[in-house]
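Since the structure comes first, as structure tokens, the remarks are kept for the end.
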Amino acid sequence: MTMAVDSFNSKDSLTVGDASYDYYRLGAVEGDGLDVASLPFSLKVLLESLLRTEDGADITKADIEALAGWDANAEPSKEIQFTPARVIMQDFTGVPCVVDLATMREAMADLGGDATKINPLAPAEMVIDHSVIADVFGTPEAFERNVEIEYERNRERYQFLRWGQGAFADFKVVPPGTGIVHQVNIEKLARVVFDKNGTVYPDSCVGTDSHTTMVNGLGVVGWGVGGIEAEAAMLGQPISMLIPRVVGFKLSGELPEGATATDLVLVITEMLRQHGVVGKFVEFYGSGVGAVPLANRATIGNMSPEYGSTIAVFPIDDETTKYMRLTGRDEQQIALVEEYAKAQGLWHDPDHEARYSEYLELDLGDVVPSIAGPKRPQDRVSLSESKGSFRTALADYTEQDLNGYDEAVDESFPASDAPSSTDDGLNGDKPNAPAPSGAGRPSNPQMVTLEDGTSFEIDHGAVTIAAITSCTNTSNPSVMMGAGLLAKKAVEKGLQRKPWVKTTLAPGSKVVTEYYEKSGLNVYLDKLGFNLVGYGCTTCIGNSGPLIPEVSQAVNDGDLAVTAVLSGNRNFEGRINPDIKMNYLASPPLVIAYALAGSMDVDLFNEPLGQDQDGNDVFMKDIWPTPQEVEDVIASSIDSDTFSREYADVFAGDERWQNLSTPDGDVFAWDPESTYVRKAPYFDGMALEPSPVEEVTGARVLLKLGDSVTTDHISPAGAIKKDSPAGTYLSEHGIAPRDFNSYGSRRGNHEVMIRGTFANIRLRNQMAPGTEGGFTRNLIAGGEVTSVFEASEAYQEAGVPLVVLSGKEYGSGSSRDWAAKGTALLGVKVVIAESYERIHRSNLIGMGVLPLQYPEGQSAESLGLTGEETFDFTGITELNEGRTPKTVHVKARAEDGSAVEFDAVVRIDTPGEANYYRNGGIMPYVLRSLLD
């Protein structure tokens, strides 16, 4: 066991009130070229971790000096080992994590070790929030009924998690029906400053969800990792990383009237995605920081994965401690946060500018009302241009001829009259340019008659889901109260939601329900159909439940390109609902406005939402609440007692949870008949020593994909189709289609998840043109089109390794470790892409899959690769000599004997990642380390 070292003699003491604490003083790091005071906030947090965990072996004085002397302009090259204070999980990613730990206990025993060594060494907390589905909506009974269904569907999983809570030390579970993990994290679990046995240090975390970054808004450095990395962190392994570049994002001014936190974050998302921040830290500073409320900061931090950064952090300041006090934190803890942050130089000084690698700036006064869609969060559209943007995008989702639509758009938006960014205010005097007229819009109206006799027509663009959901916005009282006030005014004007719209409200915590009830706004939300459906992610992760049946039938009969509008963070194709082709992100008040309008083909500034009791047109400006109205209702309805009450016994759960029968014992008793929880295969046949790395030869292409392939495309979380390989498997095991549940809920069963890999209904594999979904061609069986899973089985039986070819931003989106696990279990040994998103690249290595990158400026198309070639990869074995090759030689042989050859860049970025790859993945590496 290595001993702690303090080469800078940095240990010091701090007195707060009557209590005394030890801490590691950053100011003690001194020497030539070491400038700690000017480091960005985020790097100071990393530096403190190195100081505190220095052991002379994995973490050395040289590592500390390298970080303290950080060159802001250098490309990342220095590896450090960061030890997060804690790990946080949600149940979709957390269940397979606990499955892996349970399996690892058995593997440890099989290899002659102590099974109880497999135990969290860092605090681990799980919030069950991903399982509730909005099956029932629009009634007062929706919440209770959805929870009942949730328990019926997920009983096995919940029993397994309760076993884990008892079997593993320092592992706590927040039961179902409580809230969304990231909102519970900022409102309750985050410490901001951690106290462990009298030693204090910055709170930090890694989480099994990409939106772990929401806690960045509270001054906590944390980011999403795959479940496999989270397991390693729980078991005491530090996170191997390169010292990153840090982008300084200066904020000034204040948000104008009519603009919301959602609008702000969509602007920031667009700016940062265009700038390019993948793999970088983003840090906000400047005079405008103080004008950004904590809830808005959390919204901005939450969206970090959508613009690709590792974190998007705000420093600690008065707003931080104000929020801690509002959410019922202990006064001693609040005082500790302030005193510790000031002692360590972590308290925000608006007049101080740290050194940054790159700089961006935004005047908050320039933010305008916006939405994003129809398929990516970074595709921001000013609300004044949303109708024209929708019509332009519609061409990609319908086969109908646009009949001169382009001309219609040009006539409606002459260059001289195009709306400027200053024309977007809800209460401004400047008129907006008219949206395009109906001329040329694709149309295929379908008549619908509901069970109660209500009849109507729907067409392309109909809003069929309007969902106030997701941690991104439901944690923010300003937009939630804004939505409630808008609902109140709408009801008072006599407006109703359109009958084809499925309306749902799924807050991130019970606090929201309490302040809605206290303010009386819940009554008006209910009248518009926004009844509480559950406390969970619901629509944002694809748990939208079915559309209104008659509407679904019409959508499919007419092949309509209908829409969803949600207050979430993700709108990828196929994510929200299988019937819906176009998805838009919007603030909660705009979600309600679109439910009233009933269509995306509407100009909310200039066209009415409906008519009042006297038949007069009602426009959005007539019901949009003023900032003062929002502030007044917040002040009268939200206080610290609200948070203290709702979180008083957060781990206890309701009677359903408490009455679950739970197995006990240190080792889990697997049920061979279970279709939810099965022993993982990752340690089958594992030896004490890893086998040498081998070259990959004779490989065939399983899929050839384009740009922006997300982890949703690779491993969907939503519904399981009856005729899919996963559906067939469940049917063969006696599960009725109504009980299939979702892929996300079945992540504890690798058999389901392998069959669901690359099965997203919107995935387009260029190897099988004309298909959509999980299809490919079996190149060793005459090129027949078959499912990806069936082709994989044939290849693996023949001993043929597999390759995936892709374009830019491969693996963007959720942390979703099953995107990498499924890839590995399908027999894929190598992925070649033009670029990767950070988490998925890391997860591929964690599962023993080699990520390669095309030479700069090259792609499958430019190299002439069709996907029908046979691939050989040479140079990989250099890893056996303790070195990581910069490139691997690729030879792709066509059937006619010709070949394409190139040197692909090896994206194993750190020595730690190289160790994982040599061991066949991170889990075998950790197990062997614990055995040592």
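Simple scheme: letters A, B, ... for chains in structure tokens order, numbers from 1 for residues in each chain, numbers from 1 for ligands in the order shown.
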If you run DSSP over the backbone, which residues in stretch 549-637 of chain A end up strand (DSSP E)? Put them as a VMD selection string.
chain A and resid 563 to 566 582 to 585 610 to 611 617 to 618
Shell around A:Ser389 at 12 Å using only C-alpha atoms, local window under 3 positions removed, as an NGL selection string
:A and (370-374 or 379-386 or 392-396 or 406 or 409 or 413 or 435-436 or 461 or 584 or 600-603)
Out of stretch 422-600 of chain A, which residues get alpha helix (DSSP H) from DSSP, as a PyMOL selection string?
chain A and resi 471-474+477-492+510-519+522-527+549-558+588-597
What lies within 6 Å of stretch 20-23 of chain A using only C-alpha atoms, ignoring chain neighbours under 5 positions off, as a list in words?
Lys11, Asp12, Ser13, Leu14, Thr15, Gly198, Thr199 and Val200 of chain A
Would you list the contacts of A:Glu631 as an mmCIF file with N, CA and C atoms, in the first residue's frame, taking every protein, DNA or RNA residue within 10 Å and counting only C-alpha atoms, but skipping same-chain residues closer than 6 positions in sequence?
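Output saved as selection_20.cif:
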```
data_model
loop_
_atom_site.group_PDB
_atom_site.id
_atom_site.type_symbol
_atom_site.label_atom_id
_atom_site.label_comp_id
_atom_site.auth_asym_id
_atom_site.auth_seq_id
_atom_site.Cartn_x
_atom_site.Cartn_y
_atom_site.Cartn_z
ATOM 1 N N PRO A 477 -37.097 27.214 -11.033
ATOM 2 C CA PRO A 477 -38.399 27.779 -10.653
ATOM 3 C C PRO A 477 -38.881 28.885 -11.578
ATOM 4 N N SER A 478 -37.968 29.663 -12.172
ATOM 5 C CA SER A 478 -38.416 30.794 -12.991
ATOM 6 C C SER A 478 -39.178 30.315 -14.218
ATOM 7 N N MET A 481 -42.476 28.327 -12.910
ATOM 8 C CA MET A 481 -43.531 29.258 -12.495
ATOM 9 C C MET A 481 -44.043 30.048 -13.698
ATOM 10 N N GLY A 482 -43.156 30.354 -14.630
ATOM 11 C CA GLY A 482 -43.590 31.022 -15.848
ATOM 12 C C GLY A 482 -44.598 30.185 -16.606
#
```
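Distances to A:Asp129 were evaluated for A:Val491, A:Ile623, A:Val174, A:Ala860 using only C-alpha atoms, and the minimum falls at A:Val174.
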Skipping near chain neighbours, those fewer than 2 positions away, what residues fall within 9 Å of stretch 106-120 of chain A using only C-alpha atoms, listed as a list in words?
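Once the adjacent positions are removed, what remains is Leu101, Ala102, Thr103, Met104, Ala122, Pro123, Ala124, Ala167, Phe168, Ala169, Asp170, Phe171, Glu231, Ala233, Met234, Leu235, Gly236, Asp666, Val667, Phe668, Phe683, Asp684, Met686, Ala687, Leu688, Leu927, Arg928, Leu930 and Leu931 of chain A.
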C-alpha atoms of the current selection, written as a CSV table (one decimal), in the first residue's frame:
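Saved file selection.csv follows:
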```csv
chain,number,residue,atom,x,y,z
A,101,LEU,CA,-20.1,-5.4,-9.4
A,102,ALA,CA,-22.1,-8.4,-8.3
A,103,THR,CA,-20.5,-10.4,-11.2
A,104,MET,CA,-17.1,-9.1,-10.2
A,122,ALA,CA,-16.0,6.3,-2.6
A,123,PRO,CA,-19.5,7.2,-1.7
A,124,ALA,CA,-22.0,6.1,-4.4
A,167,ALA,CA,-24.8,-5.8,0.1
A,168,PHE,CA,-22.5,-2.9,-0.7
A,169,ALA,CA,-21.2,-0.5,1.9
A,170,ASP,CA,-21.5,3.3,1.2
A,171,PHE,CA,-24.1,2.7,-1.6
A,231,GLU,CA,-17.4,1.2,-11.2
A,233,ALA,CA,-14.0,5.1,-9.5
A,234,MET,CA,-16.2,3.4,-6.8
A,235,LEU,CA,-13.5,0.8,-6.4
A,236,GLY,CA,-10.8,3.4,-5.7
A,666,ASP,CA,-22.8,-10.8,-0.1
A,667,VAL,CA,-23.2,-12.6,-3.5
A,668,PHE,CA,-26.4,-12.3,-5.5
A,683,PHE,CA,-15.2,-12.1,-16.8
A,684,ASP,CA,-16.0,-15.5,-18.4
A,686,MET,CA,-10.7,-14.5,-17.5
A,687,ALA,CA,-7.1,-15.5,-16.5
A,688,LEU,CA,-4.9,-13.9,-13.8
A,927,LEU,CA,-10.2,-6.9,-10.9
A,928,ARG,CA,-6.6,-7.8,-11.5
A,930,LEU,CA,-7.6,-5.6,-6.7
A,931,LEU,CA,-6.2,-9.1,-6.7
```
Would you kindly return, as number ranges by chain, each protein, DNA or RNA residue with an atom no farther than 8 Å from any atom of A:Ser745, considering only C-alpha atoms and excluding same-chain residues fewer than 5 positions away?
A: 92, 130-131, 154, 676, 717
